[in-house]
$ cat entry_35.txt   # compact mmCIF, C-alpha atoms and all ligand atoms
# COMPACT_ATOMS: atom_id res chain seq x y z
CA MET A 1 55.58 34.44 9.15
CA LYS A 2 54.26 36.41 6.18
CA ASP A 3 52.92 33.14 4.82
CA THR A 4 50.21 32.82 7.44
CA VAL A 5 46.85 32.93 5.70
CA LEU A 6 44.48 34.50 8.20
CA TYR A 7 40.73 34.44 7.76
CA LEU A 8 38.63 36.75 9.87
CA VAL A 9 35.13 35.37 10.27
CA VAL A 10 32.53 38.04 11.01
CA PRO A 11 28.94 36.94 11.81
CA CYS A 12 26.39 39.58 10.82
CA TYR A 13 22.71 39.70 11.67
CA ASN A 14 20.89 42.87 10.63
CA GLU A 15 24.11 44.85 10.91
CA GLU A 16 23.55 47.44 8.15
CA GLU A 17 24.29 50.29 10.57
CA ALA A 18 27.52 48.86 11.93
CA LEU A 19 28.93 47.28 8.80
CA GLU A 20 30.25 50.32 6.91
CA LEU A 21 32.49 51.44 9.76
CA SER A 22 33.55 47.89 10.64
CA MET A 23 34.39 47.12 7.02
CA THR A 24 36.73 50.13 6.79
CA ARG A 25 38.44 49.30 10.06
CA LEU A 26 38.85 45.63 9.22
CA ARG A 27 40.28 46.48 5.82
CA ASP A 28 42.76 48.96 7.28
CA LYS A 29 43.83 46.50 9.95
CA MET A 30 44.24 43.60 7.52
CA ARG A 31 46.17 45.74 5.02
CA ARG A 32 48.47 46.89 7.81
CA LEU A 33 49.10 43.32 8.94
CA MET A 34 49.92 42.42 5.33
CA ARG A 35 52.33 45.36 4.98
CA GLU A 36 54.02 44.39 8.22
CA GLU A 37 54.34 40.89 6.75
CA LYS A 38 52.47 39.35 9.63
CA ILE A 39 49.93 37.70 7.34
CA SER A 40 49.80 36.59 3.72
CA SER A 41 48.09 38.57 0.99
CA LYS A 42 45.80 35.57 0.56
CA SER A 43 44.17 36.44 3.89
CA ARG A 44 40.49 37.34 3.80
CA VAL A 45 37.66 38.85 5.82
CA LEU A 46 34.69 36.51 5.54
CA PHE A 47 31.34 38.05 6.46
CA VAL A 48 28.65 35.51 7.30
CA ASP A 49 25.17 36.93 6.82
CA ASP A 50 22.97 35.06 9.29
CA GLY A 51 19.71 35.54 7.38
CA SER A 52 19.51 39.31 7.86
CA ARG A 53 16.35 41.06 6.79
CA ASP A 54 17.95 44.44 6.20
CA ARG A 55 20.58 45.55 3.66
CA THR A 56 23.41 43.55 5.23
CA TRP A 57 23.86 41.16 2.30
CA GLU A 58 23.68 43.98 -0.24
CA LEU A 59 26.48 45.74 1.61
CA ILE A 60 28.57 42.58 1.88
CA HIS A 61 28.04 41.95 -1.82
CA THR A 62 29.22 45.47 -2.66
CA TYR A 63 32.33 45.12 -0.48
CA THR A 64 33.27 41.85 -2.17
CA GLN A 65 33.04 43.59 -5.54
CA GLN A 66 35.18 46.52 -4.40
CA ASP A 67 37.97 44.61 -2.73
CA GLU A 68 39.08 41.01 -3.08
CA LEU A 69 39.99 41.04 0.60
CA PHE A 70 36.30 40.62 1.38
CA ALA A 71 34.35 37.42 1.06
CA GLY A 72 30.74 36.71 1.92
CA LEU A 73 28.62 33.74 2.85
CA ARG A 74 24.88 33.97 3.21
CA PHE A 75 22.56 31.69 5.16
CA SER A 76 19.14 30.79 3.85
CA ARG A 77 17.63 32.06 7.13
CA ASN A 78 18.62 33.12 10.64
CA TYR A 79 20.42 30.22 12.34
CA GLY A 80 22.04 32.12 15.18
CA HIS A 81 25.45 33.45 16.08
CA GLN A 82 27.03 30.07 16.91
CA SER A 83 26.03 28.55 13.57
CA ALA A 84 27.26 31.63 11.71
CA ILE A 85 30.73 31.40 13.23
CA LEU A 86 30.85 27.67 12.67
CA ALA A 87 29.89 28.03 9.01
CA GLY A 88 32.50 30.73 8.51
CA MET A 89 35.20 28.62 10.12
CA MET A 90 34.27 25.54 8.12
CA ALA A 91 34.29 27.52 4.87
CA ALA A 92 37.70 28.97 5.73
CA ARG A 93 39.20 25.69 6.94
CA SER A 94 40.63 24.47 3.67
CA ARG A 95 42.00 27.89 2.70
CA ALA A 96 43.33 29.36 5.93
CA ASP A 97 46.17 28.57 8.32
CA ALA A 98 44.34 30.31 11.12
CA VAL A 99 40.87 31.75 11.64
CA VAL A 100 39.84 34.48 14.06
CA THR A 101 36.16 35.02 14.81
CA ILE A 102 35.05 38.53 15.74
CA ASP A 103 31.68 40.30 16.11
CA ALA A 104 30.51 42.64 13.37
CA ASP A 105 30.11 45.59 15.73
CA LEU A 106 33.87 45.42 16.50
CA GLN A 107 33.19 45.84 20.21
CA GLN A 108 36.16 43.55 20.59
CA ASP A 109 39.43 45.35 20.06
CA ILE A 110 40.88 44.48 16.64
CA GLU A 111 44.29 45.74 17.72
CA ALA A 112 44.54 42.54 19.79
CA LEU A 113 44.92 40.65 16.48
CA ASP A 114 48.71 41.15 16.56
CA ARG A 115 48.88 39.36 19.91
CA PHE A 116 46.63 36.56 18.63
CA LEU A 117 49.05 36.08 15.76
CA GLU A 118 52.07 36.13 18.07
CA CYS A 119 50.56 33.35 20.19
CA TYR A 120 49.83 31.40 16.99
CA GLU A 121 53.40 31.86 15.76
CA ASN A 122 54.60 30.66 19.16
CA GLY A 123 52.80 27.39 18.59
CA SER A 124 49.33 27.81 20.08
CA ASP A 125 46.51 26.14 18.19
CA ILE A 126 43.78 27.89 20.15
CA VAL A 127 44.00 31.46 21.39
CA TYR A 128 41.14 32.70 23.60
CA GLY A 129 40.29 36.38 23.73
CA ILE A 130 39.32 37.33 27.28
CA ARG A 131 37.70 40.65 28.08
CA ASN A 132 39.36 42.71 30.78
CA ASP A 133 36.11 43.83 32.38
CA ARG A 134 32.40 44.10 31.75
CA ASN A 135 32.13 47.87 32.25
CA THR A 136 30.49 48.42 28.88
CA ASP A 137 27.71 45.94 29.71
CA GLY A 138 24.49 47.04 31.36
CA PHE A 139 23.60 45.81 34.86
CA PHE A 140 21.30 43.11 33.51
CA LYS A 141 23.80 41.63 31.05
CA LYS A 142 26.60 41.76 33.62
CA THR A 143 24.53 39.94 36.25
CA THR A 144 23.06 37.31 33.93
CA ALA A 145 26.46 36.62 32.36
CA GLY A 146 27.99 36.24 35.85
CA ILE A 147 25.28 33.77 36.90
CA PHE A 148 25.69 31.84 33.65
CA TYR A 149 29.46 31.34 34.01
CA LYS A 150 29.09 30.35 37.72
CA LEU A 151 26.36 27.88 36.81
CA MET A 152 28.44 26.39 34.01
CA HIS A 153 31.34 25.86 36.40
CA LEU A 154 29.07 24.30 39.04
CA LEU A 155 27.76 21.91 36.40
CA GLY A 156 31.26 20.91 35.49
CA CYS A 157 31.55 22.59 32.06
CA LYS A 158 34.96 23.85 31.12
CA THR A 159 33.95 27.30 29.88
CA ILE A 160 36.43 30.14 30.12
CA THR A 161 35.01 33.02 32.13
CA ASN A 162 34.61 36.26 30.16
CA HIS A 163 35.64 34.64 26.93
CA ALA A 164 33.00 35.10 24.25
CA ASP A 165 33.68 34.08 20.69
CA TYR A 166 36.72 36.23 19.92
CA ARG A 167 39.27 33.51 19.35
CA LEU A 168 41.87 32.13 16.99
CA LEU A 169 41.86 28.53 15.83
CA SER A 170 44.66 27.00 13.80
CA LYS A 171 44.02 24.69 10.87
CA LYS A 172 44.72 21.73 13.14
CA ALA A 173 42.11 22.88 15.67
CA LEU A 174 39.60 23.61 12.88
CA ASN A 175 40.04 20.14 11.47
CA ALA A 176 39.50 18.70 14.94
CA LEU A 177 36.38 20.82 15.39
CA SER A 178 34.98 19.53 12.11
CA GLU A 179 35.05 16.01 13.61
CA PHE A 180 32.29 16.94 16.06
CA LYS A 181 29.10 15.89 14.40
CA GLU A 182 26.54 17.16 16.90
CA VAL A 183 23.96 19.49 15.42
CA ASN A 184 23.72 21.72 18.49
CA LEU A 185 27.20 23.07 18.89
CA PHE A 186 28.04 25.25 21.87
CA LEU A 187 31.46 26.40 20.75
CA ARG A 188 32.50 28.13 23.96
CA GLY A 189 32.03 24.90 25.88
CA LEU A 190 33.25 22.52 23.22
CA ILE A 191 36.51 24.15 22.18
CA PRO A 192 38.11 24.07 25.66
CA THR A 193 37.43 20.32 25.82
CA MET A 194 39.44 19.72 22.62
CA GLY A 195 42.83 20.14 24.25
CA PHE A 196 45.75 21.34 22.05
CA SER A 197 48.18 23.99 23.13
CA SER A 198 46.34 27.20 23.94
CA ASP A 199 46.99 30.71 25.10
CA VAL A 200 44.94 33.75 26.10
CA VAL A 201 44.91 37.36 24.98
CA TYR A 202 43.29 40.07 27.11
CA PHE A 203 41.45 42.90 25.42
CA ASP A 204 39.12 45.80 26.18
CA VAL A 205 35.52 45.78 25.07
CA LYS A 206 34.14 48.98 23.60
CA GLU A 207 30.59 50.30 23.47
CA ARG A 208 28.59 49.31 20.41
CA GLU A 209 28.93 52.31 18.11
CA ALA A 210 26.16 51.64 15.63
CA GLY A 211 22.95 49.63 15.68
CA GLN A 212 21.54 47.69 18.61
CA SER A 213 22.52 44.46 20.26
CA LYS A 214 21.29 41.52 18.20
CA TYR A 215 21.27 39.26 21.23
CA THR A 216 17.68 39.43 22.43
CA LEU A 217 16.80 38.01 25.87
CA ARG A 218 15.30 35.02 24.09
CA LYS A 219 18.54 34.36 22.18
CA MET A 220 20.53 34.65 25.40
CA ILE A 221 18.30 32.17 27.26
CA THR A 222 18.43 29.73 24.33
CA LEU A 223 22.23 29.99 24.28
CA ALA A 224 22.43 29.36 28.04
CA VAL A 225 20.07 26.36 27.96
CA ASP A 226 21.80 24.95 24.87
CA GLY A 227 25.15 25.47 26.52
CA ILE A 228 24.16 23.59 29.65
CA THR A 229 22.28 20.73 28.03
CA SER A 230 24.90 20.15 25.36
CA MET A 231 27.85 20.19 27.75
CA SER A 232 26.60 18.59 30.97
CA THR A 233 24.22 15.88 32.16
CA ARG A 234 24.60 17.00 35.76
CA PRO A 235 21.05 18.46 35.92
CA LEU A 236 19.80 14.88 35.45
CA GLN A 237 21.91 13.73 38.40
CA ILE A 238 20.67 16.66 40.47
CA ILE A 239 17.02 15.76 39.87
CA THR A 240 17.75 12.15 40.79
CA GLY A 241 19.16 13.51 44.07
CA ILE A 242 16.11 15.69 44.67
CA GLY A 243 13.85 12.72 43.87
CA PHE A 244 15.71 10.61 46.38
CA VAL A 245 15.41 13.20 49.17
CA THR A 246 11.71 13.72 48.39
CA PHE A 247 11.20 9.97 48.58
CA LEU A 248 12.88 9.79 52.03
CA VAL A 249 10.76 12.66 53.36
CA SER A 250 7.57 11.04 52.00
CA LEU A 251 8.59 7.79 53.67
CA LEU A 252 8.94 9.56 57.02
CA ILE A 253 5.51 11.21 56.57
CA PHE A 254 4.04 7.82 55.66
CA ILE A 255 5.52 6.14 58.75
CA SER A 256 4.33 8.96 61.01
CA SER A 257 0.81 8.73 59.58
CA ILE A 258 0.76 4.94 60.20
CA VAL A 259 1.91 5.60 63.77
CA ASP A 260 -0.84 8.24 64.11
CA TRP A 261 -3.39 5.73 62.79
CA ILE A 262 -2.23 3.05 65.26
CA CYS A 263 -2.44 5.56 68.09
CA GLY A 264 -5.99 6.40 67.03
CA LYS A 265 -5.24 9.96 65.82
CA VAL A 266 -7.18 9.65 62.55
CA VAL A 267 -7.94 13.32 61.92
CA ALA A 268 -6.14 13.98 58.65
CA GLY A 269 -4.14 17.18 58.35
CA TRP A 270 -5.63 18.89 55.27
CA THR A 271 -2.79 21.42 55.01
CA THR A 272 -0.09 18.76 55.16
CA ILE A 273 -1.74 16.78 52.37
CA VAL A 274 -2.28 19.74 50.10
CA ALA A 275 1.22 21.08 50.77
CA SER A 276 2.92 17.77 50.07
CA ILE A 277 0.87 17.15 46.91
CA CYS A 278 1.86 20.59 45.61
CA LEU A 279 5.49 20.12 46.56
CA ILE A 280 5.85 16.69 45.03
CA GLY A 281 3.80 17.75 42.00
CA GLY A 282 6.06 20.73 41.45
CA VAL A 283 9.24 18.70 41.82
CA MET A 284 7.87 16.09 39.39
CA MET A 285 6.96 18.68 36.78
CA ILE A 286 10.34 20.39 36.94
CA SER A 287 12.11 17.05 36.76
CA GLN A 288 10.10 16.01 33.74
CA GLY A 289 10.84 19.35 32.13
CA ILE A 290 14.57 18.84 32.57
CA ILE A 291 14.42 15.26 31.31
CA GLY A 292 12.26 16.55 28.45
CA ALA A 293 14.94 19.08 27.51
CA TYR A 294 17.45 16.27 27.10
CA ILE A 295 15.02 14.07 25.20
CA GLY A 296 14.32 17.02 22.92
CA LYS A 297 18.02 17.30 22.30
CA ILE A 298 18.29 13.59 21.46
CA TYR A 299 15.29 13.94 19.13
CA LEU A 300 16.84 16.86 17.29
CA GLU A 301 20.28 15.24 17.13
CA SER A 302 18.85 11.93 15.88
CA LYS A 303 17.43 13.65 12.80
CA GLU A 304 20.91 14.77 11.79
CA ARG A 305 19.55 17.75 9.97
CA PRO A 306 22.07 20.12 8.41
CA ARG A 307 23.35 22.66 10.91
CA TYR A 308 22.76 25.49 8.45
CA LEU A 309 21.96 25.97 4.78
CA VAL A 310 24.06 28.26 2.65
CA ASP A 311 22.27 30.44 0.15
CA ALA A 312 25.30 32.03 -1.53
CA MET A 313 29.02 32.42 -1.20
CA ILE A 314 31.41 34.91 -2.78
CA LEU A 315 35.13 34.43 -2.38
CA HIS A 316 38.00 35.68 -4.51
CA GLU A 317 40.71 33.07 -4.56
CA GLU A 318 44.24 34.38 -5.09
CA LYS A 319 44.94 35.14 -8.78
CA GLU A 320 41.43 34.12 -9.71
CA ASP A 321 39.44 37.35 -9.64
CA ARG A 322 35.96 36.01 -10.03
CA ASP A 323 32.99 34.93 -7.94
CA GLY A 324 33.07 31.37 -6.78
CA THR A 325 30.20 29.43 -5.35
CA ASP A 326 30.96 26.79 -2.77
N1 LIG B 1 24.60 37.63 15.55
C1 LIG B 1 24.33 36.67 14.59
N2 LIG B 1 23.11 36.01 14.64
C2 LIG B 1 22.19 36.29 15.60
C3 LIG B 1 22.51 37.25 16.59
C4 LIG B 1 23.71 37.91 16.54
O1 LIG B 1 25.14 36.38 13.71
O2 LIG B 1 21.12 35.67 15.57
C5 LIG B 1 25.90 38.34 15.47
C6 LIG B 1 25.82 39.85 15.46
O3 LIG B 1 25.62 40.36 14.17
C7 LIG B 1 27.18 40.22 16.01
C8 LIG B 1 27.47 39.09 16.99
O4 LIG B 1 26.61 38.03 16.63
O5 LIG B 1 28.19 40.23 15.03
C9 LIG B 1 27.27 39.49 18.43
O6 LIG B 1 26.02 40.08 18.58
P1 LIG B 1 25.78 41.44 19.39
O7 LIG B 1 26.93 42.38 19.19
O8 LIG B 1 24.45 41.98 19.01
O9 LIG B 1 25.76 40.88 20.87
P2 LIG B 1 26.26 41.59 22.21
O10 LIG B 1 27.59 42.22 21.90
O11 LIG B 1 25.22 42.58 22.54
O12 LIG B 1 26.35 40.47 23.19
MG MG B 2 28.21 43.35 20.37
$ encode --input "entry_35.txt" --output "structure tokens" --more "lines below"
Ligand code: UDP
Ligand code: MG
Amino acid sequence: MKDTVLYLVVPCYNEEEALELSMTRLRDKMRRLMREEKISSKSRVLFVDDGSRDRTWELIHTYTQQDELFAGLRFSRNYGHQSAILAGMMAARSRADAVVTIDADLQQDIEALDRFLECYENGSDIVYGIRNDRNTDGFFKKTTAGIFYKLMHLLGCKTITNHADYRLLSKKALNALSEFKEVNLFLRGLIPTMGFSSDVVYFDVKEREAGQSKYTLRKMITLAVDGITSMSTRPLQIITGIGFVTFLVSLLIFISSIVDWICGKVVAGWTTIVASICLIGGVMMISQGIIGAYIGKIYLESKERPRYLVDAMILHEEKEDRDGTD
């Protein structure tokens, strides 16, 4: 058991306020796990700096110099939370037996790590952290998150309700994940489709102690739209259905107007015409927008651009106490 090399992947975006406290807590927790022989001394905490514009990288750099437990990877710009976790996991893949991803503000309870490790030791390749409640979220976040998970289920995506990105993946699961070549990865939707033996761990979410939420409304909407369009094509089927119903209704209106014409009632209903033009116009525009979203996705995927660019990496390999660039 003490041989398990655990990598903690911590995405950080402008987290200078939260990092000092989180670093201390993560170090204490990891050292304790090592003393209790639950993880190997080769285990690491890998901070991924997602193109922060504050002192985040400076801090990470300092931590890596102070303690070989810490490693850092820096993006060339802000690529988003999902890309940051992915990069961390892919960097850790060849070195770790298991990787746990956790937010830099440590809102997720790090004490749950022991249970993650137990599930891993019992043979699970994927362990999902599920929050007990959403009491620490504001009304807006609670409502929008609720709608999002319901919508995902309705659209047939296998997301796990109230599971964010606090999860453990074994080497086997990481290798499987690396086989997915799509540029737009929605990890929460993708990982449950991979199969493998999995388990869940429940944990409490705390208030953010330092700094502000880095998930702006815009980032949340992008995540939701990306999630839906990358996991489901059901919106396309839905618009086909709407198109079909609209066509039937138009056909009925057409027949009734022919009947009116035959009966000599030629006074055209202005309101009906305007209303139906607006209705059909609106439906057409929305439909094109949805189709456009998918075409946009195809366009972006077809370019096969790199998912992220790494600016620097610092990692102390066991016995080799020096900076290494990957
Ligand atoms: N994050 C990131 N890139 C971004 C936005 C956020 O790496 O563009 C990180 C952030 O530093 C944190 C995690 O994602 O570690 C979750 O963000 P946050 O705690 O702000 O979200 P919330 O808990 O409010 O949903
Ligand atoms: Mg948070």
$ residues_around --input "entry_35.txt" --residues "A:Leu117" --least-positions-apart "3" --cutoff "10 Å" --atoms "all atoms listed in the file" --output "list in words"
Met1, Thr4, Leu6, Leu33, Lys38, Ile39, Ala98, Val100, Ala112, Leu113, Asp114, Tyr120, Glu121, Asn122, Gly123, Ser124, Val127 and Leu168 of chain A
$ atom_distance --input "entry_35.txt" --atom1 "atom CA of A:Val259" --atom2 "atom CA of A:Val274"
20.1 Å
$ residues_near_ligand --input "entry_35.txt" --ligand "ligand MG 2 (chain B)" --cutoff "10 Å" --atoms "all atoms listed in the file" --output "PDB file with C-alpha atoms, in the frame of the given file"
ATOM      1  CA  ILE A 102      35.050  38.530  15.740  1.00  0.00           C
ATOM      2  CA  ASP A 103      31.680  40.300  16.110  1.00  0.00           C
ATOM      3  CA  ALA A 104      30.510  42.640  13.370  1.00  0.00           C
ATOM      4  CA  ASP A 105      30.110  45.590  15.730  1.00  0.00           C
ATOM      5  CA  LEU A 106      33.870  45.420  16.500  1.00  0.00           C
ATOM      6  CA  GLN A 107      33.190  45.840  20.210  1.00  0.00           C
ATOM      7  CA  GLN A 108      36.160  43.550  20.590  1.00  0.00           C
ATOM      8  CA  ASP A 137      27.710  45.940  29.710  1.00  0.00           C
ATOM      9  CA  VAL A 205      35.520  45.780  25.070  1.00  0.00           C
ATOM     10  CA  LYS A 206      34.140  48.980  23.600  1.00  0.00           C
ATOM     11  CA  GLU A 207      30.590  50.300  23.470  1.00  0.00           C
ATOM     12  CA  ARG A 208      28.590  49.310  20.410  1.00  0.00           C
ATOM     13  CA  GLU A 209      28.930  52.310  18.110  1.00  0.00           C
ATOM     14  CA  ALA A 210      26.160  51.640  15.630  1.00  0.00           C
ATOM     15  CA  GLY A 211      22.950  49.630  15.680  1.00  0.00           C
ATOM     16  CA  GLN A 212      21.540  47.690  18.610  1.00  0.00           C
ATOM     17  CA  SER A 213      22.520  44.460  20.260  1.00  0.00           C
ATOM     18  CA  LYS A 214      21.290  41.520  18.200  1.00  0.00           C
ATOM     19  CA  TYR A 215      21.270  39.260  21.230  1.00  0.00           C
TER      20      TYR A 215
END
$ atom_distance --input "entry_35.txt" --atom1 "atom CA of A:Arg32" --atom2 "atom CA of A:Val48"
22.9 Å
$ atom_distance --input "entry_35.txt" --atom1 "atom CA of A:Tyr7" --atom2 "atom C7 of ligand LIG 1 (chain B)"
16.9 Å
$ closest_residue --input "entry_35.txt" --among "A:Ser170, A:Thr56, A:Thr229, A:Thr271" --to "ligand LIG 1 (chain B)" --atoms "all atoms listed in the file"
A:Thr56
$ residues_around --input "entry_35.txt" --residues "A:Glu182" --least-positions-apart "4" --cutoff "9 Å" --atoms "only C-alpha atoms" --output "list in words"
Glu301, Glu304 and Arg307 of chain A
$ residues_around --input "entry_35.txt" --residues "A:Leu190" --least-positions-apart "4" --cutoff "10 Å" --atoms "all atoms listed in the file" --output "PyMOL selection string"
chain A and resi 157-159+177+180+185-186+194-195+227+230-231
$ write_last_selection --input "entry_35.txt" --atoms "C-alpha atoms" --output "PDB file, in the frame of the given file"
ATOM      1  CA  CYS A 157      31.550  22.590  32.060  1.00  0.00           C
ATOM      2  CA  LYS A 158      34.960  23.850  31.120  1.00  0.00           C
ATOM      3  CA  THR A 159      33.950  27.300  29.880  1.00  0.00           C
ATOM      4  CA  LEU A 177      36.380  20.820  15.390  1.00  0.00           C
ATOM      5  CA  PHE A 180      32.290  16.940  16.060  1.00  0.00           C
ATOM      6  CA  LEU A 185      27.200  23.070  18.890  1.00  0.00           C
ATOM      7  CA  PHE A 186      28.040  25.250  21.870  1.00  0.00           C
ATOM      8  CA  MET A 194      39.440  19.720  22.620  1.00  0.00           C
ATOM      9  CA  GLY A 195      42.830  20.140  24.250  1.00  0.00           C
ATOM     10  CA  GLY A 227      25.150  25.470  26.520  1.00  0.00           C
ATOM     11  CA  SER A 230      24.900  20.150  25.360  1.00  0.00           C
ATOM     12  CA  MET A 231      27.850  20.190  27.750  1.00  0.00           C
TER      13      MET A 231
END
$ closest_residue --input "entry_35.txt" --among "A:Asp226, A:Asp49, A:Asp97, A:Glu318" --to "ligand LIG 1 (chain B)" --atoms "only C-alpha atoms and all ligand atoms"
A:Asp49
$ axis_aligned_box --input "entry_35.txt" --around "stretch 62-79 of chain A" --padding-each-side "4 Å" --output "JSON"
{"center_x": 28.8, "center_y": 38.4, "center_z": 3.4, "size_x": 30.4, "size_y": 24.3, "size_z": 25.9}
$ closest_residue --input "entry_35.txt" --among "A:Ala84, A:Leu46, A:Ile255, A:Met90" --to "A:Leu315" --atoms "all atoms listed in the file"
A:Leu46
$ closest_residue --input "entry_35.txt" --among "A:Val10, A:Ala224, A:Ile238, A:Leu309" --to "A:Ser22" --atoms "all atoms listed in the file"
A:Val10
